[in-house]
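One file, data_1.cif, is given below (mmCIF, C-alpha atoms).
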data_final
#
loop_
_atom_site.label_atom_id
_atom_site.label_comp_id
_atom_site.auth_asym_id
_atom_site.auth_seq_id
_atom_site.Cartn_x
_atom_site.Cartn_y
_atom_site.Cartn_z
CA MET L 1 -21.99 18.02 35.22
CA ALA L 2 -19.09 20.24 34.13
CA GLN L 3 -16.01 18.40 32.93
CA ARG L 4 -12.96 18.84 35.12
CA LYS L 5 -10.30 21.08 33.59
CA LEU L 6 -6.93 19.65 32.70
CA PHE L 7 -3.84 21.04 34.44
CA CYS L 8 -2.64 22.59 31.16
CA GLU L 9 -5.90 24.55 30.85
CA TYR L 10 -5.36 26.62 34.00
CA GLY L 11 -3.22 29.22 32.26
CA PRO L 12 -0.04 29.83 30.22
CA VAL L 13 2.32 28.75 33.01
CA CYS L 14 0.47 25.46 33.55
CA TYR L 15 0.44 24.87 29.78
CA TRP L 16 4.22 25.50 29.62
CA ILE L 17 4.84 23.04 32.48
CA ALA L 18 2.60 20.37 30.95
CA LEU L 19 4.25 20.76 27.56
CA ARG L 20 7.76 20.39 28.98
CA LYS L 21 6.64 17.34 30.93
CA GLU L 22 5.33 15.66 27.77
CA ARG L 23 8.52 16.48 25.88
CA PHE L 24 10.62 15.02 28.70
CA LEU L 25 8.53 11.84 28.81
CA ARG L 26 8.88 11.41 25.07
CA ARG L 27 12.68 11.62 25.34
CA VAL L 28 12.69 9.09 28.18
CA ARG L 29 10.55 6.64 26.20
CA ASP L 30 12.83 6.98 23.18
CA LEU L 31 15.96 6.44 25.27
CA THR L 32 14.58 3.40 27.08
CA GLY L 33 12.73 1.86 24.14
CA ARG L 34 13.98 -0.63 21.58
CA GLN L 35 13.52 1.54 18.52
CA ARG L 36 16.52 2.26 16.30
CA PHE L 37 16.16 5.67 14.73
CA ALA L 38 17.45 6.51 11.27
CA ASN L 39 20.23 9.13 11.25
CA THR L 40 22.44 8.26 8.24
CA ARG L 41 22.40 10.44 5.12
CA GLN L 42 23.62 9.76 1.62
CA ALA L 43 23.83 12.41 -1.08
CA GLU L 44 23.67 9.94 -3.96
CA PRO L 45 20.08 8.79 -4.67
CA LEU L 46 19.30 5.08 -4.40
CA PRO L 47 18.60 3.67 -7.89
CA ALA L 48 14.92 2.59 -7.71
CA LEU L 49 12.08 5.11 -7.39
CA VAL L 50 9.20 3.94 -5.18
CA LYS L 51 7.10 7.11 -5.31
CA GLY L 52 7.53 10.79 -6.11
CA HIS L 53 5.23 13.74 -5.43
CA CYS L 54 5.13 17.55 -5.40
CA SER L 55 2.74 19.88 -3.54
CA VAL L 56 2.09 23.61 -3.91
CA ILE L 57 3.62 25.70 -1.10
CA ARG L 58 1.72 28.97 -1.40
CA ARG L 59 -2.06 28.56 -1.55
CA ARG L 60 -4.71 31.25 -1.71
CA LEU L 61 -6.25 31.21 1.78
CA ALA L 62 -8.77 33.84 2.88
CA GLY L 63 -7.62 35.85 5.86
CA VAL L 64 -4.04 34.50 5.84
CA ALA L 65 -1.33 37.18 5.62
CA PRO L 66 1.11 36.70 2.68
CA ARG L 67 4.08 36.96 5.05
CA LEU L 68 2.91 33.75 6.77
CA GLN L 69 3.07 31.99 3.41
CA GLU L 70 6.60 33.32 2.88
CA GLY L 71 7.56 32.24 6.39
CA LYS L 72 6.17 28.78 5.67
CA ALA L 73 8.27 28.54 2.50
CA ARG L 74 11.43 29.40 4.44
CA ASN L 75 10.56 26.91 7.19
CA LEU L 76 10.04 24.14 4.65
CA GLU L 77 13.38 24.95 3.04
CA LEU L 78 15.20 24.60 6.36
CA ALA L 79 13.41 21.42 7.43
CA ALA L 80 13.70 19.75 4.01
CA ALA L 81 17.48 20.10 4.20
CA LYS L 82 17.42 18.04 7.42
CA VAL L 83 15.44 15.22 5.81
CA ASN L 84 17.00 15.16 2.33
CA GLY L 85 19.10 12.06 1.69
CA LEU L 86 18.11 10.25 4.90
CA ILE L 87 18.57 6.47 4.72
CA ILE L 88 16.18 4.28 6.72
CA ALA L 89 17.76 0.85 7.01
CA PRO L 90 15.76 -2.36 7.62
CA GLY L 91 14.46 -2.33 11.19
CA GLU L 92 15.03 1.43 11.64
CA THR L 93 12.36 4.00 12.46
CA PHE L 94 11.98 7.45 10.94
CA SER L 95 10.93 10.18 13.38
CA PHE L 96 9.97 13.57 11.96
CA TRP L 97 11.07 15.55 15.01
CA ARG L 98 14.24 13.58 15.71
CA THR L 99 15.24 14.29 12.11
CA VAL L 100 14.13 17.94 11.80
CA GLY L 101 14.74 19.04 15.39
CA ASN L 102 12.97 21.85 17.23
CA ALA L 103 12.03 24.64 14.82
CA THR L 104 13.20 27.75 16.69
CA ARG L 105 13.84 31.35 15.71
CA ARG L 106 17.51 30.92 16.60
CA LYS L 107 17.82 28.29 13.83
CA GLY L 108 16.34 30.67 11.28
CA TYR L 109 12.72 29.52 11.36
CA GLN L 110 10.10 32.19 10.80
CA GLU L 111 6.49 32.76 11.74
CA GLY L 112 4.11 30.69 9.62
CA LEU L 113 0.58 29.37 9.59
CA THR L 114 -0.35 26.90 12.35
CA ILE L 115 -3.48 24.86 13.11
CA SER L 116 -4.51 24.06 16.67
CA GLY L 117 -7.86 22.76 17.85
CA GLY L 118 -9.35 23.42 14.43
CA ASN L 119 -8.31 27.08 14.56
CA LEU L 120 -5.82 28.89 12.34
CA GLY L 121 -2.98 30.68 14.09
CA ARG L 122 0.64 31.65 13.67
CA GLY L 123 3.85 30.48 15.22
CA ILE L 124 7.58 30.04 14.67
CA GLY L 125 8.10 27.05 12.39
CA GLY L 126 4.52 27.13 11.12
CA GLY L 127 3.80 25.18 7.95
CA LEU L 128 5.93 22.10 8.62
CA CYS L 129 2.83 19.88 8.50
CA GLN L 130 3.15 20.10 4.72
CA LEU L 131 6.52 18.34 4.88
CA ALA L 132 5.10 15.65 7.17
CA ASN L 133 2.12 15.28 4.79
CA LEU L 134 4.44 14.78 1.82
CA ILE L 135 6.49 12.13 3.62
CA HIS L 136 3.35 10.32 4.75
CA TRP L 137 2.00 10.27 1.18
CA LEU L 138 5.24 8.68 -0.05
CA VAL L 139 5.08 6.10 2.74
CA LEU L 140 1.43 5.27 2.02
CA ASN L 141 2.53 4.33 -1.51
CA SER L 142 5.02 1.79 -0.19
CA PRO L 143 5.19 -1.33 2.03
CA LEU L 144 6.65 0.69 4.94
CA THR L 145 4.87 0.54 8.33
CA VAL L 146 3.41 3.72 9.85
CA THR L 147 3.90 3.58 13.63
CA GLU L 148 2.70 7.04 14.70
CA LEU L 149 0.14 9.22 12.95
CA HIS L 150 -2.11 12.07 14.08
CA HIS L 151 -4.82 12.87 11.55
CA HIS L 152 -6.20 16.35 10.93
CA SER L 153 -9.79 15.80 12.08
CA ASP L 154 -11.46 18.74 10.29
CA ALA L 155 -11.85 20.04 6.74
CA LEU L 156 -9.98 23.32 7.13
CA PHE L 157 -9.84 24.53 3.53
CA PRO L 158 -11.67 23.96 0.24
CA ASP L 159 -10.15 21.40 -2.12
CA GLU L 160 -8.37 23.93 -4.34
CA ARG L 161 -5.61 22.20 -6.37
CA ARG L 162 -5.82 19.05 -4.24
CA THR L 163 -3.93 16.19 -5.90
CA VAL L 164 -4.15 13.49 -3.19
CA PRO L 165 -7.16 11.92 -1.43
CA PHE L 166 -8.64 13.98 1.39
CA GLY L 167 -7.53 13.03 4.91
CA THR L 168 -4.17 11.53 3.99
CA GLY L 169 -2.22 14.20 5.90
CA THR L 170 -0.83 14.23 9.42
CA SER L 171 -0.38 16.72 12.26
CA VAL L 172 2.97 17.35 13.94
CA PHE L 173 3.82 19.43 17.00
CA TYR L 174 7.25 19.37 18.62
CA ASN L 175 7.99 16.84 19.91
CA ASN L 176 5.15 14.85 21.44
CA VAL L 177 2.94 14.88 18.32
CA ASP L 178 5.28 13.10 15.93
CA TYR L 179 5.08 11.27 12.62
CA ARG L 180 6.94 7.96 12.50
CA PHE L 181 7.31 4.95 10.24
CA ARG L 182 9.42 1.79 10.40
CA ASN L 183 11.21 -0.02 7.60
CA ASP L 184 10.07 -3.64 7.89
CA THR L 185 11.32 -4.52 4.40
CA GLY L 186 14.54 -6.31 3.56
CA GLN L 187 16.30 -3.33 1.97
CA PRO L 188 17.14 0.29 2.86
CA VAL L 189 14.95 3.15 1.66
CA GLN L 190 15.86 6.80 1.17
CA LEU L 191 13.94 10.08 1.46
CA LEU L 192 14.81 12.91 -0.91
CA VAL L 193 13.09 16.28 -0.31
CA TRP L 194 13.68 19.63 -2.01
CA LEU L 195 11.98 22.90 -3.00
CA ARG L 196 11.44 23.79 -6.67
CA GLU L 197 9.99 27.22 -7.42
CA ASP L 198 6.62 27.15 -5.58
CA GLU L 199 6.55 23.41 -4.92
CA LEU L 200 7.74 21.07 -2.19
CA CYS L 201 8.97 17.90 -3.88
CA GLY L 202 9.91 14.51 -2.54
CA GLU L 203 10.89 11.00 -3.54
CA LEU L 204 11.04 7.68 -1.75
CA ARG L 205 13.77 5.44 -3.20
CA CYS L 206 15.21 1.97 -2.60
CA LEU L 207 17.88 -0.35 -4.00
CA GLN L 208 15.59 -2.48 -6.18
CA PRO L 209 11.87 -2.30 -6.99
CA PHE L 210 9.50 -3.90 -4.50
CA PRO L 211 7.44 -6.83 -5.85
CA CYS L 212 4.24 -4.79 -5.44
CA ARG L 213 3.23 -1.24 -6.24
CA TYR L 214 0.52 0.70 -4.47
CA ARG L 215 -2.31 3.05 -5.36
CA LEU L 216 -4.65 5.06 -3.15
CA VAL L 217 -8.18 5.81 -4.32
CA GLU L 218 -10.85 7.99 -2.72
CA GLU L 219 -14.46 6.88 -3.12
CA ASN L 220 -17.89 8.28 -2.26
CA SER L 221 -16.43 11.77 -1.80
CA HIS L 222 -19.06 14.40 -0.99
CA TYR L 223 -20.31 16.98 1.51
CA ALA L 224 -23.43 16.68 3.64
CA ARG L 225 -25.23 18.68 6.30
CA LEU L 226 -25.39 16.54 9.43
CA GLU L 227 -26.12 17.32 13.06
CA GLY L 228 -26.40 21.05 12.42
CA GLY L 229 -23.11 21.36 10.53
CA TYR L 230 -21.45 20.53 7.23
CA TYR L 231 -19.14 17.53 6.86
CA ARG L 232 -16.67 16.22 4.29
CA LEU L 233 -17.17 12.46 3.84
CA SER L 234 -15.30 9.84 1.84
CA GLN L 235 -13.47 6.53 2.04
CA VAL L 236 -9.84 6.00 1.05
CA TYR L 237 -8.63 2.56 -0.04
CA LYS L 238 -5.08 1.31 -0.51
CA LEU L 239 -4.64 -1.08 -3.43
CA THR L 240 -1.72 -3.51 -3.41
CA ILE L 241 -0.89 -4.42 -7.01
CA ASP L 242 1.42 -7.19 -8.20
CA ARG L 243 4.10 -5.48 -10.25
CA ALA L 244 4.59 -8.37 -12.68
CA SER L 245 0.95 -9.22 -13.49
CA GLY L 246 -0.87 -6.00 -12.62
CA ALA L 247 -3.37 -7.96 -10.50
CA VAL L 248 -4.86 -6.28 -7.42
CA LEU L 249 -3.84 -8.46 -4.47
CA ARG L 250 -5.39 -6.41 -1.64
CA ARG L 251 -7.88 -3.60 -1.24
CA ASP L 252 -7.71 -2.18 2.28
CA LEU L 253 -9.84 0.61 3.74
CA ILE L 254 -7.35 2.93 5.44
CA LEU L 255 -9.53 6.00 6.06
CA ASP L 256 -13.23 6.59 6.64
CA ASN L 257 -13.43 10.38 6.57
CA ARG L 258 -16.13 12.25 8.49
CA SER L 259 -14.59 15.68 8.90
CA ARG L 260 -16.36 18.83 10.07
CA VAL L 261 -16.15 21.71 7.58
CA LEU L 262 -14.44 24.72 9.16
CA PHE L 263 -14.28 26.93 6.08
CA ASP L 264 -17.23 28.98 4.78
CA PRO L 265 -19.81 26.38 3.55
CA ALA L 266 -20.80 28.77 0.76
CA LEU L 267 -17.52 27.67 -0.90
CA ILE L 268 -18.71 24.06 -1.16
CA PRO L 269 -19.41 23.24 -4.85
CA PRO L 270 -23.17 22.63 -5.13
CA GLU L 271 -22.64 19.43 -7.13
CA GLU L 272 -20.71 17.95 -4.20
CA LEU L 273 -23.49 18.46 -1.64
CA ARG L 274 -25.56 15.33 -1.11
CA GLU L 275 -28.64 14.31 0.84
CA GLU L 276 -27.57 12.04 3.68
CA ASP L 277 -29.51 9.35 5.59
CA GLY L 278 -32.86 10.53 4.34
CA GLY L 279 -32.29 14.03 5.67
CA ARG L 280 -32.35 17.27 3.73
CA TRP L 281 -29.62 19.75 3.06
CA CYS L 282 -29.87 23.26 1.68
CA ARG L 283 -27.43 25.53 -0.10
CA PRO L 284 -25.64 27.66 2.55
CA THR L 285 -25.59 31.42 2.28
CA GLN L 286 -22.51 33.65 2.47
CA LYS L 287 -23.39 34.51 6.09
CA GLU L 288 -23.66 30.89 7.27
CA ASN L 289 -20.63 29.00 8.49
CA ALA L 290 -19.88 25.88 10.51
CA LEU L 291 -17.89 27.49 13.30
#
If you took the structure in this file and wrote it as C-alpha cells, what would it be?
Amino acid sequence: MAQRKLFCEYGPVCYWIALRKERFLRRVRDLTGRQRFANTRQAEPLPALVKGHCSVIRRRLAGVAPRLQEGKARNLELAAAKVNGLIIAPGETFSFWRTVGNATRRKGYQEGLTISGGNLGRGIGGGLCQLANLIHWLVLNSPLTVTELHHHSDALFPDERRTVPFGTGTSVFYNNVDYRFRNDTGQPVQLLVWLREDELCGELRCLQPFPCRYRLVEENSHYARLEGGYYRLSQVYKLTIDRASGAVLRRDLILDNRSRVLFDPALIPPEELREEDGGRWCRPTQKENAL
C-alpha cells in the first residue's frame, strides 16, 4: 500500500507553508517554555580552557564547485562573529539559530554547499553545519548537557583529514532543526570561535577547571557491504576521567554508527572493508556506487 504523501510534498507552495508553520511553532514553544537562552557576550576570554579544536574549511570534494567552498568560508566568518564570546551562565541554554539568526542574502551570506535527504545541494548560508559540528565537539568534551541534536545519518564523504570520531557532527536548518545545549554546571562557560587561514577554530572556556576531563574514542571502525549497500560502522565512547588521579570514572557509549555510504565505494580503503555477520564483501569497481 502506497504511503500517504505529507502536505509539504505536494509542491513548492505547500513546502513553503509547512516550513513557515514549523518556524512559527518553534517560536511559540520558545516563548512559552521555561528555557533561558544565552545572549550575553564578553570579549575577554574566561581563564580556564575546557577544550579547543580547529577544522579545515575547504576540503577537496568531487563535483563541488570551488565558489561554494568560498561561499561557505564567508558564511562561517559571518556566523562565527555572532557566536564568538558568548557566555552561557548556569541554567541557560545555547541555541544555534537564536544566536546566529537566519542566514539570508541581505545579511551578506552567500551560496554554499548544503545537504538535504542525503543529497548535496546549494543554498544561501550553506556550510554552517561545520560551525555547529565544532561547537558540538567542544560540548562533547565537557560536562554540558546536549538538549537538541540531529545527527547526519549517512557517510557523505571519505574520511580525508578527519580528526574527530565519525558521526559526532550535527545537522542544522533554520530554525526548526536546531542544535542546543544547557549549562547544568555551577559556573559560566564561554564559546570563542574564529577563522584562521583555512581553519575554523573554537574554544570552550570556564572560570576554573572542572573536576573531570573528557575524551572521546572511536572503536571497531570499518566499512562493510550489507543489505545491498556499503555502510560505515563504529562505536564512539565518552570517557570521564578524574583530573586529579587520571582514573577513568565512566565509559559511556554515545554513538553506535551504522551509516550508509553515499560517496563512491571505490574510494573506501581496502584495508577498512570487513566481512560482516558471516557474509561476503567484494572490492567495488569505479562504476559501482551506493546511490
Polymer residues at most 6 Å from (5.3, 28.4, 1.0) by only C-alpha atoms, as number ranges by chain: L: 57-58, 69-70, 72-73
Report as a ChimeraX atom specification all protein, DNA and RNA residues lying within 12 Å of Thr93 of chain L, evaluated on only C-alpha atoms, omitting residues in the same chain fewer than 2 positions from it. /L:30,33-40,86-91,95-99,144-148,179-185,188-189
Residues in the PyMOL selection byres ((chain L and resi 42-56) around 8), expressed as a short mmCIF file (atom, residue, chain, number, x, y, z; two decimals) with C-alpha atoms, keeping the file's coordinate frame:
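So part10.cif came out as:
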data_model
loop_
_atom_site.label_atom_id
_atom_site.label_comp_id
_atom_site.auth_asym_id
_atom_site.auth_seq_id
_atom_site.Cartn_x
_atom_site.Cartn_y
_atom_site.Cartn_z
CA THR L 40 22.44 8.26 8.24
CA ARG L 41 22.40 10.44 5.12
CA ILE L 57 3.62 25.70 -1.10
CA ARG L 58 1.72 28.97 -1.40
CA ARG L 59 -2.06 28.56 -1.55
CA GLY L 85 19.10 12.06 1.69
CA LEU L 86 18.11 10.25 4.90
CA ILE L 87 18.57 6.47 4.72
CA LEU L 134 4.44 14.78 1.82
CA LEU L 138 5.24 8.68 -0.05
CA ASN L 141 2.53 4.33 -1.51
CA SER L 142 5.02 1.79 -0.19
CA THR L 163 -3.93 16.19 -5.90
CA VAL L 189 14.95 3.15 1.66
CA GLN L 190 15.86 6.80 1.17
CA LEU L 192 14.81 12.91 -0.91
CA ASP L 198 6.62 27.15 -5.58
CA GLU L 199 6.55 23.41 -4.92
CA LEU L 200 7.74 21.07 -2.19
CA CYS L 201 8.97 17.90 -3.88
CA GLY L 202 9.91 14.51 -2.54
CA GLU L 203 10.89 11.00 -3.54
CA LEU L 204 11.04 7.68 -1.75
CA ARG L 205 13.77 5.44 -3.20
CA CYS L 206 15.21 1.97 -2.60
CA LEU L 207 17.88 -0.35 -4.00
CA GLN L 208 15.59 -2.48 -6.18
CA PRO L 209 11.87 -2.30 -6.99
CA PHE L 210 9.50 -3.90 -4.50
CA ARG L 213 3.23 -1.24 -6.24
#
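Going from atom CA of Leu149 of chain L over to atom CA of Thr170 of chain L, you cover 6.2 Å.
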If you count only C-alpha atoms, the residue of L:Tyr214, L:Tyr109, L:Tyr15, L:Tyr10 closest to Leu239 of chain L turns out to be L:Tyr214
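Evaluating the PyMOL selection byres ((chain L and resi 131) around 8) against the shown model yields Leu76, Ala79, Ala80, Gly127, Leu128, Cys129, Gln130, Ala132, Asn133, Leu134, Ile135 and Leu200 of chain L.
Considering only C-alpha atoms, the residue among L:Leu78, L:Val83, L:Leu216, L:Val172 positioned nearest to Ile115 of chain L is L:Val172.
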Given the file shown, enumerate the residues that the PyMOL selection byres ((chain L and resi 123) around 10) captures and present them as an NGL selection string. :L and (68 or 71-72 or 104 or 109-115 or 121-122 or 124-127)
Prev. selection, C-alpha atoms, output as a PDB file, keeping the file's coordinate frame:
ATOM      1  CA  LEU L  68       2.910  33.750   6.770  1.00  0.00           C
ATOM      2  CA  GLY L  71       7.560  32.240   6.390  1.00  0.00           C
ATOM      3  CA  LYS L  72       6.170  28.780   5.670  1.00  0.00           C
ATOM      4  CA  THR L 104      13.200  27.750  16.690  1.00  0.00           C
ATOM      5  CA  TYR L 109      12.720  29.520  11.360  1.00  0.00           C
ATOM      6  CA  GLN L 110      10.100  32.190  10.800  1.00  0.00           C
ATOM      7  CA  GLU L 111       6.490  32.760  11.740  1.00  0.00           C
ATOM      8  CA  GLY L 112       4.110  30.690   9.620  1.00  0.00           C
ATOM      9  CA  LEU L 113       0.580  29.370   9.590  1.00  0.00           C
ATOM     10  CA  THR L 114      -0.350  26.900  12.350  1.00  0.00           C
ATOM     11  CA  ILE L 115      -3.480  24.860  13.110  1.00  0.00           C
ATOM     12  CA  GLY L 121      -2.980  30.680  14.090  1.00  0.00           C
ATOM     13  CA  ARG L 122       0.640  31.650  13.670  1.00  0.00           C
ATOM     14  CA  ILE L 124       7.580  30.040  14.670  1.00  0.00           C
ATOM     15  CA  GLY L 125       8.100  27.050  12.390  1.00  0.00           C
ATOM     16  CA  GLY L 126       4.520  27.130  11.120  1.00  0.00           C
ATOM     17  CA  GLY L 127       3.800  25.180   7.950  1.00  0.00           C
TER      18      GLY L 127
END
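Shell of Val248 of chain L at 10 Å, with only C-alpha atoms counted and residues fewer than 3 places along the chain excluded, is Cys212, Arg213, Tyr214, Arg215, Leu239, Thr240, Ile241, Asp242, Arg243, Ser245 and Arg251 of chain L.
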Exercise on segment 179-192 of chain L, axis-aligned box with 8 Å per side, report centre and edge lengths in Å to one decimal, as lines of an AutoDock Vina configuration file:
center_x = 11.1
center_y = 3.3
center_z = 5.9
size_x = 28.1
size_y = 35.2
size_z = 29.5
Between atom CA of His222 of chain L and atom CA of Glu272 of chain L, distance in Å (one decimal): 5.1 Å
Find, counting only C-alpha atoms, the residue in L:Pro158, L:Arg4, L:Leu191, L:Phe173 that gets nearest to Ala266 of chain L. L:Pro158
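Here atom CA of Pro165 of chain L is placed at a distance of 9.3 Å from atom CA of Ser221 of chain L.
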Surrounding residues of Phe24 of chain L excluding itself and chain neighbours under 5 positions, 12 Å, all atoms listed in the file, as a VMD selection string: chain L and resid 17 to 19 29 to 31 174 to 176
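Among the candidates L:Asn257, L:Leu120, L:Thr32, L:Pro265, the residue lying nearest to His151 of chain L is L:Asn257 (atoms considered: all atoms listed in the file).
Distance check against Leu140 of chain L using all atoms listed in the file: of L:Cys14, L:Leu233, L:Val261, L:Ile254, the minimum falls on L:Ile254.
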